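A.B. asks: Contents of entry_35.cif (mmCIF, C-alpha atoms):
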```cif
data_query
#
loop_
_atom_site.label_atom_id
_atom_site.label_comp_id
_atom_site.auth_asym_id
_atom_site.auth_seq_id
_atom_site.Cartn_x
_atom_site.Cartn_y
_atom_site.Cartn_z
CA MET P 270 38.78 109.13 176.02
CA LYS P 271 35.03 109.56 176.02
CA VAL P 272 32.22 107.75 174.21
CA GLU P 273 28.60 108.75 174.63
CA ILE P 274 25.30 107.75 173.04
CA LEU P 275 22.78 110.60 173.24
CA GLU P 276 18.99 110.49 173.13
CA GLU P 277 18.91 114.28 173.18
CA PRO P 278 19.98 116.78 170.50
CA LEU P 279 23.73 117.00 170.04
CA SER P 280 25.67 120.29 169.71
CA PRO P 281 28.95 118.98 168.34
CA TRP P 282 31.05 122.16 168.57
CA VAL P 283 29.80 123.03 172.05
CA GLU P 284 30.82 119.54 173.14
CA VAL P 285 34.28 119.79 171.58
CA GLU P 286 34.86 123.19 173.20
CA ARG P 287 33.77 121.80 176.57
CA TYR P 288 35.91 118.66 176.24
CA GLU P 289 39.02 120.70 175.36
CA ARG P 290 38.39 123.04 178.29
CA GLU P 291 37.51 120.38 180.87
CA VAL P 292 39.72 117.45 179.83
CA LEU P 293 42.38 118.26 177.24
CA SER P 294 43.64 121.56 178.61
CA PRO P 295 43.92 120.43 182.25
CA GLN P 296 45.57 117.13 181.32
CA HIS P 297 47.56 117.95 178.21
CA SER P 298 48.10 121.73 178.13
CA GLY P 299 50.80 122.61 175.58
CA GLN P 300 51.03 119.04 174.28
CA TYR P 301 48.28 118.86 171.70
CA GLY P 302 49.18 120.80 168.59
CA ALA P 303 46.43 119.28 166.49
CA ALA P 304 42.75 118.37 166.70
CA THR P 305 40.78 116.88 163.83
CA VAL P 306 37.02 116.73 164.26
CA PHE P 307 34.40 115.22 162.00
CA SER P 308 30.74 116.07 162.46
CA GLY P 309 27.97 114.28 160.57
CA THR P 310 24.62 115.99 160.07
CA MET P 311 21.35 114.60 158.76
CA ARG P 312 20.70 115.46 155.12
CA ASP P 313 17.20 115.93 153.70
CA PHE P 314 18.05 113.66 150.74
CA ASN P 315 19.52 110.18 150.27
CA GLU P 316 19.84 107.88 147.26
CA GLY P 317 17.93 110.45 145.20
CA ASP P 318 14.90 110.70 147.51
CA GLY P 319 13.74 113.41 149.89
CA VAL P 320 13.98 112.37 153.53
CA SER P 321 11.84 114.11 156.15
CA GLY P 322 13.05 112.36 159.30
CA MET P 323 14.91 109.34 160.62
CA LEU P 324 14.78 106.85 163.45
CA LEU P 325 18.23 105.82 164.64
CA GLU P 326 18.30 102.48 166.45
CA HIS P 327 21.29 100.96 168.23
CA TYR P 328 22.38 98.02 170.34
CA PRO P 329 22.75 99.48 173.84
CA GLY P 330 25.91 98.25 175.49
CA MET P 331 27.54 96.94 172.32
CA THR P 332 27.66 100.39 170.70
CA ASP P 333 29.49 101.81 173.71
CA SER P 334 31.93 98.94 174.01
CA HIS P 335 32.62 98.87 170.27
CA LEU P 336 33.23 102.63 170.13
CA SER P 337 35.52 102.42 173.18
CA LYS P 338 37.47 99.66 171.47
CA ILE P 339 38.08 101.64 168.27
CA SER P 340 38.99 104.73 170.33
CA GLN P 341 41.66 102.74 172.16
CA GLU P 342 42.88 101.33 168.85
CA ALA P 343 43.29 104.86 167.44
CA ILE P 344 45.12 106.02 170.57
CA ASP P 345 47.55 103.10 170.40
CA ARG P 346 48.11 103.19 166.66
CA TRP P 347 48.71 106.90 165.99
CA ASP P 348 50.17 108.29 169.20
CA ILE P 349 46.93 110.13 169.93
CA LEU P 350 46.53 112.02 173.22
CA ASP P 351 42.76 111.68 173.45
CA THR P 352 39.57 110.96 171.50
CA LEU P 353 35.91 111.87 171.75
CA ILE P 354 32.96 110.09 170.09
CA LEU P 355 29.33 111.23 170.46
CA HIS P 356 26.40 109.68 168.58
CA ARG P 357 22.70 110.53 168.54
CA VAL P 358 20.00 107.86 168.64
CA GLY P 359 16.20 108.10 168.43
CA VAL P 360 14.17 110.50 166.29
CA ILE P 361 16.35 112.80 164.18
CA MET P 362 15.29 115.60 161.83
CA PRO P 363 17.10 117.05 158.79
CA ASN P 364 19.98 119.37 159.70
CA ASP P 365 20.30 117.73 163.16
CA PRO P 366 23.85 116.67 164.07
CA ILE P 367 24.13 112.86 164.28
CA VAL P 368 27.74 112.07 165.09
CA LEU P 369 30.97 113.65 166.22
CA VAL P 370 34.43 112.06 166.28
CA ALA P 371 37.56 113.90 167.40
CA ALA P 372 41.24 113.04 167.81
CA TRP P 373 43.92 115.14 169.52
CA SER P 374 47.63 114.68 168.87
CA ALA P 375 50.93 116.58 168.93
CA HIS P 376 50.92 116.68 165.12
CA ARG P 377 48.31 117.04 162.40
CA VAL P 378 49.00 113.95 160.29
CA GLU P 379 48.23 111.65 163.22
CA ALA P 380 45.11 113.63 164.17
CA PHE P 381 43.74 113.46 160.61
CA GLU P 382 44.43 109.76 160.19
CA ALA P 383 42.99 108.83 163.58
CA ALA P 384 39.80 110.87 163.08
CA ARG P 385 39.29 109.32 159.66
CA PHE P 386 39.86 105.86 161.14
CA LEU P 387 37.29 106.52 163.89
CA ILE P 388 34.50 107.55 161.53
CA GLU P 389 35.23 104.77 159.00
CA GLU P 390 35.26 102.13 161.74
CA LEU P 391 32.14 103.60 163.31
CA LYS P 392 30.29 103.52 160.00
CA SER P 393 31.38 100.03 159.03
CA ARG P 394 31.10 98.19 162.36
CA ALA P 395 29.31 100.06 165.17
CA PRO P 396 25.78 98.65 165.68
CA PHE P 397 23.56 101.55 164.61
CA TRP P 398 20.74 101.38 162.06
CA LYS P 399 18.90 104.16 160.27
CA LYS P 400 15.28 104.01 159.19
CA GLU P 401 14.36 106.89 156.90
CA GLN P 402 10.98 108.59 156.64
CA LEU P 403 10.17 109.31 152.97
CA ASP P 404 7.19 111.05 151.39
CA ASN P 405 5.65 107.69 150.57
CA GLY P 406 6.59 105.57 153.57
CA GLU P 407 9.76 104.50 155.32
CA ARG P 408 12.81 102.36 154.57
CA TRP P 409 15.85 100.94 156.32
CA VAL P 410 19.04 102.48 154.95
CA ALA P 411 20.99 99.78 153.14
CA LYS P 412 24.07 101.53 151.74
CA ASN P 413 26.18 103.47 154.18
CA ARG P 414 28.46 105.59 152.00
CA MET G 140 33.53 131.01 152.27
CA LYS G 141 35.26 133.01 154.95
CA VAL G 142 38.92 133.81 155.65
CA GLU G 143 39.99 135.86 158.61
CA ILE G 144 43.31 136.86 160.18
CA LEU G 145 42.88 137.54 163.91
CA GLU G 146 45.02 139.67 166.22
CA GLU G 147 42.86 138.57 169.16
CA PRO G 148 42.56 135.13 170.81
CA LEU G 149 40.73 132.56 168.69
CA SER G 150 38.04 130.20 170.03
CA PRO G 151 37.91 127.68 167.19
CA TRP G 152 34.84 125.68 168.24
CA VAL G 153 32.81 128.75 169.12
CA GLU G 154 33.58 130.11 165.65
CA VAL G 155 32.60 126.86 163.91
CA GLU G 156 29.34 126.70 165.87
CA ARG G 157 28.58 130.30 164.97
CA TYR G 158 29.45 129.81 161.29
CA GLU G 159 27.20 126.75 161.01
CA ARG G 160 24.35 128.59 162.72
CA GLU G 161 24.70 131.88 160.84
CA VAL G 162 25.86 130.77 157.39
CA LEU G 163 25.64 127.02 156.75
CA SER G 164 22.22 126.31 158.24
CA PRO G 165 20.43 129.26 156.62
CA GLN G 166 22.03 128.66 153.22
CA HIS G 167 22.48 124.89 153.10
CA SER G 168 20.08 123.34 155.64
CA GLY G 169 19.76 119.60 155.03
CA GLN G 170 22.50 119.59 152.38
CA TYR G 171 25.69 119.27 154.37
CA GLY G 172 26.06 115.78 155.79
CA ALA G 173 29.70 116.23 156.70
CA ALA G 174 32.03 118.77 158.29
CA THR G 175 35.73 118.18 158.85
CA VAL G 176 37.52 120.70 161.03
CA PHE G 177 41.20 120.95 161.91
CA SER G 178 42.34 123.11 164.78
CA GLY G 179 46.02 123.82 165.47
CA THR G 180 47.13 124.81 168.97
CA MET G 181 50.46 126.11 170.18
CA ARG G 182 52.59 123.43 171.83
CA ASP G 183 55.07 124.20 174.62
CA PHE G 184 57.78 122.17 172.84
CA ASN G 185 59.29 122.06 169.34
CA GLU G 186 62.33 120.31 167.90
CA GLY G 187 63.16 119.01 171.38
CA ASP G 188 63.17 122.43 173.10
CA GLY G 189 60.73 124.05 175.52
CA VAL G 190 58.90 127.02 173.98
CA SER G 191 57.38 129.69 176.24
CA GLY G 192 55.78 131.94 173.63
CA MET G 193 55.69 132.83 169.97
CA LEU G 194 55.40 135.82 167.68
CA LEU G 195 53.42 135.08 164.54
CA GLU G 196 54.17 137.46 161.67
CA HIS G 197 52.32 137.59 158.34
CA TYR G 198 52.12 139.50 155.07
CA PRO G 199 48.87 141.50 155.39
CA GLY G 200 46.88 141.34 152.19
CA MET G 201 48.76 138.41 150.68
CA THR G 202 47.75 136.02 153.49
CA ASP G 203 44.08 136.83 152.94
CA SER G 204 44.24 136.56 149.17
CA HIS G 205 46.26 133.35 149.27
CA LEU G 206 43.87 131.72 151.77
CA SER G 207 40.87 132.80 149.68
CA LYS G 208 42.50 131.26 146.63
CA ILE G 209 43.06 127.86 148.27
CA SER G 210 39.51 127.95 149.71
CA GLN G 211 38.09 128.44 146.22
CA GLU G 212 40.34 125.66 144.92
CA ALA G 213 38.99 123.25 147.56
CA ILE G 214 35.39 124.22 146.79
CA ASP G 215 35.90 123.63 143.06
CA ARG G 216 37.90 120.44 143.38
CA TRP G 217 35.88 118.44 145.94
CA ASP G 218 32.29 119.61 145.55
CA ILE G 219 32.49 121.43 148.88
CA LEU G 220 29.54 123.56 150.04
CA ASP G 221 31.59 125.99 152.12
CA THR G 222 34.92 126.55 153.88
CA LEU G 223 36.18 128.54 156.85
CA ILE G 224 39.78 129.51 157.61
CA LEU G 225 40.81 131.50 160.71
CA HIS G 226 44.43 132.23 161.68
CA ARG G 227 45.93 134.04 164.64
CA VAL G 228 48.83 136.48 164.32
CA GLY G 229 50.81 138.40 166.93
CA VAL G 230 51.85 137.19 170.38
CA ILE G 231 50.72 133.62 171.10
CA MET G 232 51.16 131.57 174.27
CA PRO G 233 51.29 127.77 174.70
CA ASN G 234 47.87 126.11 174.51
CA ASP G 235 46.47 129.06 172.51
CA PRO G 236 44.63 128.07 169.33
CA ILE G 237 46.51 129.27 166.21
CA VAL G 238 44.56 128.07 163.22
CA LEU G 239 41.23 126.60 162.19
CA VAL G 240 40.28 125.16 158.79
CA ALA G 241 36.87 123.66 158.05
CA ALA G 242 35.17 122.13 155.01
CA TRP G 243 31.47 121.26 154.65
CA SER G 244 30.19 118.79 152.07
CA ALA G 245 27.32 116.38 151.44
CA HIS G 246 29.67 113.46 152.13
CA ARG G 247 32.58 112.77 154.47
CA VAL G 248 35.29 111.72 152.03
CA GLU G 249 35.16 115.10 150.30
CA ALA G 250 35.08 116.99 153.61
CA PHE G 251 38.15 115.12 154.91
CA GLU G 252 40.15 115.56 151.73
CA ALA G 253 39.31 119.24 151.39
CA ALA G 254 40.14 120.04 155.03
CA ARG G 255 43.45 118.22 154.72
CA PHE G 256 44.20 120.10 151.50
CA LEU G 257 43.44 123.45 153.17
CA ILE G 258 45.81 122.93 156.09
CA GLU G 259 48.60 121.45 153.93
CA GLU G 260 48.37 124.34 151.46
CA LEU G 261 48.19 126.87 154.29
CA LYS G 262 51.29 125.43 155.94
CA SER G 263 53.32 125.15 152.76
CA ARG G 264 52.42 128.42 151.00
CA ALA G 265 50.54 130.98 153.09
CA PRO G 266 52.88 133.82 154.16
CA PHE G 267 53.06 133.35 157.94
CA TRP G 268 56.26 133.08 160.00
CA LYS G 269 56.77 131.89 163.57
CA LYS G 270 59.45 133.18 165.92
CA GLU G 271 59.71 131.07 169.06
CA GLN G 272 60.69 132.27 172.51
CA LEU G 273 63.01 129.72 174.15
CA ASP G 274 64.59 129.69 177.61
CA ASN G 275 67.85 130.98 176.17
CA GLY G 276 66.66 133.38 173.46
CA GLU G 277 64.52 133.24 170.38
CA ARG G 278 64.60 131.60 166.96
CA TRP G 279 62.70 131.65 163.69
CA VAL G 280 61.01 128.30 163.05
CA ALA G 281 62.64 126.63 160.08
CA LYS G 282 60.91 123.28 159.69
CA ASN G 283 57.14 123.31 159.44
CA ARG G 284 56.08 119.70 159.97
CA MET I 103 58.13 153.65 142.04
CA ILE I 104 58.40 150.02 143.08
CA GLU I 105 57.73 149.27 146.73
CA ILE I 106 59.74 146.44 148.29
CA LYS I 107 58.99 144.47 151.47
CA PHE I 108 61.04 142.03 153.53
CA PHE I 109 59.54 139.68 156.09
CA ALA I 110 60.56 137.62 159.12
CA SER I 111 64.24 136.57 159.35
CA LEU I 112 64.99 138.26 156.04
CA ARG I 113 63.67 141.56 157.42
CA GLU I 114 66.05 141.18 160.34
CA ASP I 115 68.96 140.27 158.06
CA MET I 116 68.29 143.26 155.84
CA GLY I 117 67.93 145.56 158.82
CA ARG I 118 64.70 147.01 157.41
CA GLY I 119 61.21 145.92 156.41
CA GLU I 120 60.67 148.18 153.43
CA ALA I 121 62.48 149.86 150.57
CA GLU I 122 61.62 151.76 147.39
CA ILE I 123 63.28 152.12 144.02
CA ASN I 124 62.49 153.93 140.81
CA ALA I 125 60.65 151.77 138.31
CA ALA I 126 63.30 152.62 135.71
CA ASP I 127 66.01 150.97 137.82
CA ALA I 128 64.77 147.34 137.55
CA ALA I 129 63.00 145.28 134.90
CA THR I 130 62.64 142.03 136.87
CA ILE I 131 62.33 140.89 140.47
CA GLY I 132 65.95 139.70 140.35
CA GLU I 133 67.03 143.22 139.38
CA VAL I 134 64.92 144.66 142.18
CA TRP I 135 66.83 142.45 144.62
CA ALA I 136 70.18 143.54 143.22
CA ARG I 137 69.20 147.19 143.71
CA VAL I 138 68.22 146.87 147.37
CA ALA I 139 70.35 144.02 148.77
CA ASP I 140 73.65 145.85 149.34
CA GLY I 141 75.48 143.03 147.59
CA LYS I 142 73.81 140.23 149.60
CA VAL I 143 73.12 137.02 147.70
CA LEU I 144 69.45 135.98 147.51
CA ALA I 145 69.47 132.58 149.24
CA GLU I 146 68.21 129.64 147.20
CA ASN I 147 65.21 128.97 149.44
CA MET I 148 63.92 132.56 149.61
CA LEU I 149 60.46 133.22 148.20
CA MET I 150 59.23 136.26 146.33
CA ALA I 151 55.93 137.80 145.35
CA ARG I 152 54.84 140.50 142.92
CA ASN I 153 51.62 142.24 143.94
CA MET I 154 50.97 139.47 146.46
CA GLU I 155 51.27 136.60 143.97
CA TYR I 156 54.15 134.14 144.12
CA SER I 157 56.74 135.00 141.46
CA SER I 158 60.33 134.27 140.46
CA VAL I 159 63.50 136.31 139.82
CA ASP I 160 62.56 136.48 136.12
CA THR I 161 59.11 138.00 136.73
CA PRO I 162 58.94 141.45 135.10
CA VAL I 163 58.10 144.42 137.30
CA ALA I 164 56.43 147.72 136.45
CA ASP I 165 55.77 151.09 137.99
CA GLY I 166 53.41 150.83 140.99
CA ASP I 167 54.26 147.20 141.76
CA GLU I 168 54.78 145.83 145.25
CA VAL I 169 57.57 143.24 145.44
CA ALA I 170 58.16 141.11 148.54
CA PHE I 171 60.99 138.80 149.59
CA PHE I 172 60.61 136.32 152.43
CA PRO I 173 61.89 133.03 153.87
CA PRO I 174 59.99 129.70 153.69
CA VAL I 175 56.64 130.06 155.43
CA THR I 176 55.86 128.46 158.80
CA GLY I 177 52.20 129.15 159.57
CA GLY I 178 49.43 126.85 160.76
CA MET X 240 19.47 80.29 179.50
CA ILE X 241 20.71 82.07 176.39
CA GLU X 242 19.18 85.44 175.63
CA ILE X 243 18.73 86.35 171.96
CA LYS X 244 18.24 89.80 170.42
CA PHE X 245 17.24 90.94 166.93
CA PHE X 246 17.73 94.48 165.66
CA ALA X 247 16.43 96.82 162.97
CA SER X 248 14.96 95.24 159.81
CA LEU X 249 15.70 91.76 161.17
CA ARG X 250 13.67 92.52 164.29
CA GLU X 251 10.78 93.50 162.03
CA ASP X 252 11.21 90.37 159.88
CA MET X 253 11.25 88.13 162.95
CA GLY X 254 8.25 89.89 164.46
CA ARG X 255 10.02 90.22 167.81
CA GLY X 256 13.13 91.80 169.34
CA GLU X 257 14.00 89.15 171.88
CA ALA X 258 13.92 85.44 172.49
CA GLU X 259 15.31 82.94 174.98
CA ILE X 260 16.38 79.32 174.76
CA ASN X 261 17.81 76.78 177.16
CA ALA X 262 21.59 76.61 177.08
CA ALA X 263 21.38 72.88 176.48
CA ASP X 264 19.54 73.41 173.18
CA ALA X 265 22.39 75.05 171.24
CA ALA X 266 26.18 74.69 171.20
CA THR X 267 26.97 77.41 168.63
CA ILE X 268 25.49 80.66 167.38
CA GLY X 269 24.34 78.86 164.23
CA GLU X 270 22.39 76.43 166.38
CA VAL X 271 20.89 79.31 168.36
CA TRP X 272 19.61 80.77 165.07
CA ALA X 273 18.11 77.41 164.04
CA ARG X 274 16.24 77.23 167.36
CA VAL X 275 14.61 80.65 167.13
CA ALA X 276 14.23 81.38 163.41
CA ASP X 277 11.09 79.35 162.64
CA GLY X 278 12.83 77.85 159.64
CA LYS X 279 14.03 81.19 158.21
CA VAL X 280 17.42 81.15 156.51
CA LEU X 281 20.06 83.43 158.04
CA ALA X 282 20.88 85.79 155.17
CA GLU X 283 24.51 85.90 154.05
CA ASN X 284 25.03 89.53 155.04
CA MET X 285 23.56 89.27 158.56
CA LEU X 286 25.92 89.98 161.44
CA MET X 287 26.02 88.32 164.84
CA ALA X 288 27.52 88.99 168.23
CA ARG X 289 28.09 86.94 171.36
CA ASN X 290 28.15 89.01 174.55
CA MET X 291 28.45 92.16 172.41
CA GLU X 292 31.51 90.98 170.46
CA TYR X 293 31.30 90.21 166.74
CA SER X 294 31.14 86.45 166.23
CA SER X 295 30.29 83.85 163.57
CA VAL X 296 27.89 80.93 163.24
CA ASP X 297 30.63 78.61 164.58
CA THR X 298 31.20 80.58 167.79
CA PRO X 299 30.36 78.38 170.80
CA VAL X 300 27.73 79.63 173.23
CA ALA X 301 27.27 78.91 176.93
CA ASP X 302 24.72 79.39 179.68
CA GLY X 303 24.19 83.08 180.47
CA ASP X 304 25.31 84.31 177.04
CA GLU X 305 23.62 87.07 175.09
CA VAL X 306 23.48 86.43 171.34
CA ALA X 307 22.44 89.10 168.85
CA PHE X 308 21.59 89.00 165.14
CA PHE X 309 21.39 92.13 163.02
CA PRO X 310 21.69 93.52 159.48
CA PRO X 311 24.68 95.50 158.17
CA VAL X 312 25.13 98.63 160.27
CA THR X 313 24.34 102.14 158.99
CA GLY X 314 25.40 104.57 161.70
CA GLY X 315 27.42 107.76 161.49
#
```
Take the structure in this file and express it as structure tokens.
C.D. replies:
Amino acid sequence: MKVEILEEPLSPWVEVERYEREVLSPQHSGQYGAATVFSGTMRDFNEGDGVSGMLLEHYPGMTDSHLSKISQEAIDRWDILDTLILHRVGVIMPNDPIVLVAAWSAHRVEAFEAARFLIEELKSRAPFWKKEQLDNGERWVAKNR
Amino acid sequence: MKVEILEEPLSPWVEVERYEREVLSPQHSGQYGAATVFSGTMRDFNEGDGVSGMLLEHYPGMTDSHLSKISQEAIDRWDILDTLILHRVGVIMPNDPIVLVAAWSAHRVEAFEAARFLIEELKSRAPFWKKEQLDNGERWVAKNR
Amino acid sequence: MIEIKFFASLREDMGRGEAEINAADAATIGEVWARVADGKVLAENMLMARNMEYSSVDTPVADGDEVAFFPPVTGG
Amino acid sequence: MIEIKFFASLREDMGRGEAEINAADAATIGEVWARVADGKVLAENMLMARNMEYSSVDTPVADGDEVAFFPPVTGG
């Protein structure tokens, strides 16, 4: 189980490959039949407006502990072998990856449900806030669909 | 939209990274907020028995056309920007990746539903067959949970 | 001619992966089976395809078609 | 002492990101807010945490606690 908040650009698929090679394969070789991974990337539009950049703020300490808590919840609830959550903070540009959540399990149903749980919980409760840069100023994101 | 049947080892995350860099980013930069990827890996157990290897047979031509058909169905049904399906055939060893399905969309709900649809359709209808190598012989897989 | 293919456990049961019959000898997929199966019953759960599209025993066949029979699929 | 933090739009509204009060001056998170908010009403949808765990206005606070107030989250 790993949770990390990154100030630097995130390469989601490079990180998943590395985590499988360094952690999953050594510890769980032959056991994980299924991995479901969600990656969220910054769009250049939101709520009908063009967005040219974003500042992602968080609550250091609480983000980590909250994301660790939901990871443990997923592991306990769906018989998950391991999870990975990575989240960017700071200045983010369109097409930059923002978030990655991953769940490994013996079977696919559990992996899908756990990964979906992780991203829904992250979006509804983890203390991150987005401020968007628009053509005519900036705004705090209010709706988080 | 890409579908490929591979006789060689599959590196799912390397392929997703490459596909985003070579196809998604040039064509859809700033549009795809969400990617959901499922990767299936060979386990060393099934139905309570140890499995030491597997031969994966398919129906050349029909696999490709069937997987293209379900990809198009996902794209039409969930407002998906693009999909990727890769599947190994031939001799496969425990911990080897077997399958990858991916769906890109503006929003996560669509990406999750489409990726789940792709793997469920693939497992229930695409013409692949697994023959497992056990300690005391071999057997065709009957249940595909 | 109609070209016939068998896959996986069915290929092993039939003792061959391919067969061929004259188009005049079968009007449907069910009749194709009867021609090539040496009296074997087509098990309830077997699947069939005509020109790589899922079909049924009643699907008509024509000269140049490829017909395949195979067990339930287990990919992914 | 109790350390107080404000985040995102609330930080901007308050004109500062941090504050501090004596532990004796507040028994609950609601009382912490009253001490530092310069008469501002705590909006219905604001969230709060005590020592980085979600809490409510009735949650008791003690010396050494960290209390945070922030708007609905928008990560992911």
A.B. asks: Check what the PyMOL selection byres ((chain G and resi 156-159) around 12) selects in the file above and give those residues as a ChimeraX atom specification.
C.D. replies: /P:279-286,308,310,364-366 /G:140-142,150-155,160-169,171,173-174,176,220-225,241-243
A.B. asks: Hey, could you lay chain P over chain G with a least-squares C-alpha fit (all atoms, paired in order) and save it as a compact mmCIF listing (two decimals) with C-alpha atoms, in the frame of the given file?
C.D. replies:
```txt
# COMPACT_ATOMS: atom_id res chain seq x y z
CA MET P 270 33.53 131.00 152.27
CA LYS P 271 35.26 133.01 154.96
CA VAL P 272 38.92 133.79 155.65
CA GLU P 273 39.99 135.86 158.62
CA ILE P 274 43.30 136.85 160.20
CA LEU P 275 42.88 137.55 163.92
CA GLU P 276 45.01 139.66 166.24
CA GLU P 277 42.86 138.56 169.16
CA PRO P 278 42.55 135.13 170.82
CA LEU P 279 40.74 132.58 168.70
CA SER P 280 38.04 130.19 170.03
CA PRO P 281 37.92 127.69 167.18
CA TRP P 282 34.86 125.68 168.24
CA VAL P 283 32.83 128.76 169.13
CA GLU P 284 33.60 130.10 165.66
CA VAL P 285 32.61 126.87 163.92
CA GLU P 286 29.35 126.71 165.87
CA ARG P 287 28.59 130.32 164.96
CA TYR P 288 29.47 129.83 161.28
CA GLU P 289 27.21 126.76 161.01
CA ARG P 290 24.37 128.61 162.72
CA GLU P 291 24.73 131.91 160.84
CA VAL P 292 25.89 130.77 157.39
CA LEU P 293 25.65 127.03 156.74
CA SER P 294 22.24 126.33 158.23
CA PRO P 295 20.45 129.29 156.61
CA GLN P 296 22.05 128.67 153.22
CA HIS P 297 22.49 124.92 153.08
CA SER P 298 20.09 123.37 155.63
CA GLY P 299 19.77 119.62 155.00
CA GLN P 300 22.51 119.61 152.36
CA TYR P 301 25.68 119.27 154.37
CA GLY P 302 26.06 115.79 155.77
CA ALA P 303 29.70 116.23 156.69
CA ALA P 304 32.03 118.77 158.28
CA THR P 305 35.72 118.18 158.86
CA VAL P 306 37.52 120.69 161.04
CA PHE P 307 41.19 120.94 161.91
CA SER P 308 42.34 123.11 164.79
CA GLY P 309 46.01 123.81 165.48
CA THR P 310 47.12 124.80 168.97
CA MET P 311 50.46 126.10 170.19
CA ARG P 312 52.60 123.44 171.83
CA ASP P 313 55.07 124.20 174.63
CA PHE P 314 57.78 122.18 172.84
CA ASN P 315 59.29 122.07 169.35
CA GLU P 316 62.33 120.31 167.88
CA GLY P 317 63.17 119.03 171.37
CA ASP P 318 63.17 122.44 173.10
CA GLY P 319 60.74 124.06 175.51
CA VAL P 320 58.91 127.02 173.98
CA SER P 321 57.40 129.69 176.23
CA GLY P 322 55.78 131.94 173.63
CA MET P 323 55.69 132.83 169.95
CA LEU P 324 55.40 135.83 167.69
CA LEU P 325 53.42 135.09 164.54
CA GLU P 326 54.15 137.47 161.67
CA HIS P 327 52.32 137.59 158.34
CA TYR P 328 52.10 139.49 155.08
CA PRO P 329 48.87 141.49 155.40
CA GLY P 330 46.86 141.33 152.21
CA MET P 331 48.75 138.40 150.69
CA THR P 332 47.73 136.02 153.50
CA ASP P 333 44.06 136.82 152.94
CA SER P 334 44.22 136.56 149.17
CA HIS P 335 46.25 133.34 149.29
CA LEU P 336 43.87 131.71 151.78
CA SER P 337 40.87 132.79 149.69
CA LYS P 338 42.49 131.24 146.64
CA ILE P 339 43.05 127.85 148.27
CA SER P 340 39.51 127.93 149.71
CA GLN P 341 38.09 128.42 146.22
CA GLU P 342 40.33 125.65 144.92
CA ALA P 343 38.99 123.24 147.56
CA ILE P 344 35.39 124.22 146.79
CA ASP P 345 35.88 123.62 143.07
CA ARG P 346 37.89 120.42 143.38
CA TRP P 347 35.88 118.42 145.93
CA ASP P 348 32.29 119.59 145.55
CA ILE P 349 32.49 121.42 148.87
CA LEU P 350 29.56 123.56 150.03
CA ASP P 351 31.59 125.99 152.11
CA THR P 352 34.91 126.55 153.89
CA LEU P 353 36.17 128.54 156.85
CA ILE P 354 39.78 129.51 157.62
CA LEU P 355 40.81 131.50 160.72
CA HIS P 356 44.43 132.23 161.69
CA ARG P 357 45.92 134.04 164.67
CA VAL P 358 48.80 136.49 164.33
CA GLY P 359 50.80 138.42 166.94
CA VAL P 360 51.85 137.20 170.39
CA ILE P 361 50.71 133.63 171.10
CA MET P 362 51.15 131.58 174.27
CA PRO P 363 51.28 127.78 174.72
CA ASN P 364 47.87 126.11 174.52
CA ASP P 365 46.46 129.07 172.52
CA PRO P 366 44.62 128.07 169.33
CA ILE P 367 46.51 129.26 166.23
CA VAL P 368 44.55 128.06 163.22
CA LEU P 369 41.24 126.59 162.20
CA VAL P 370 40.28 125.16 158.80
CA ALA P 371 36.87 123.66 158.05
CA ALA P 372 35.17 122.14 155.01
CA TRP P 373 31.48 121.26 154.64
CA SER P 374 30.19 118.79 152.06
CA ALA P 375 27.33 116.37 151.41
CA HIS P 376 29.68 113.45 152.10
CA ARG P 377 32.56 112.75 154.46
CA VAL P 378 35.29 111.72 152.02
CA GLU P 379 35.16 115.10 150.29
CA ALA P 380 35.08 116.98 153.60
CA PHE P 381 38.14 115.11 154.91
CA GLU P 382 40.15 115.55 151.73
CA ALA P 383 39.31 119.24 151.39
CA ALA P 384 40.14 120.04 155.03
CA ARG P 385 43.45 118.21 154.72
CA PHE P 386 44.19 120.09 151.50
CA LEU P 387 43.44 123.44 153.18
CA ILE P 388 45.81 122.92 156.10
CA GLU P 389 48.60 121.44 153.93
CA GLU P 390 48.37 124.33 151.47
CA LEU P 391 48.19 126.85 154.30
CA LYS P 392 51.29 125.41 155.94
CA SER P 393 53.32 125.14 152.76
CA ARG P 394 52.42 128.40 151.00
CA ALA P 395 50.53 130.98 153.10
CA PRO P 396 52.88 133.82 154.17
CA PHE P 397 53.06 133.36 157.94
CA TRP P 398 56.25 133.08 160.00
CA LYS P 399 56.76 131.90 163.56
CA LYS P 400 59.44 133.19 165.90
CA GLU P 401 59.72 131.07 169.04
CA GLN P 402 60.69 132.27 172.50
CA LEU P 403 63.02 129.72 174.15
CA ASP P 404 64.59 129.67 177.60
CA ASN P 405 67.84 130.97 176.15
CA GLY P 406 66.67 133.38 173.47
CA GLU P 407 64.50 133.24 170.38
CA ARG P 408 64.59 131.60 166.95
CA TRP P 409 62.70 131.64 163.67
CA VAL P 410 61.00 128.30 163.05
CA ALA P 411 62.65 126.66 160.06
CA LYS P 412 60.91 123.29 159.67
CA ASN P 413 57.15 123.34 159.43
CA ARG P 414 56.11 119.72 159.95
```
A.B. asks: Tell me the residues of chain P close to chain X, meaning within 6 Å using all atoms listed in the file, as a count of residues only.
C.D. replies: 8
A.B. asks: With a distance cut-off of 12 Å and all atoms listed in the file, select the neighbouring residues of Asp264 (chain X), excluding the residue or stretch itself and same-chain residues fewer than 2 positions from it, and output the selection as number ranges by chain.
C.D. replies: X: 240-241, 259-262, 266-275, 300-302
A.B. asks: Provide the CA of Phe386 (chain P) to CA of Glu249 (chain G) distance in Å, to one decimal place.
C.D. replies: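 Between these atoms lies a distance of 15.0 Å.
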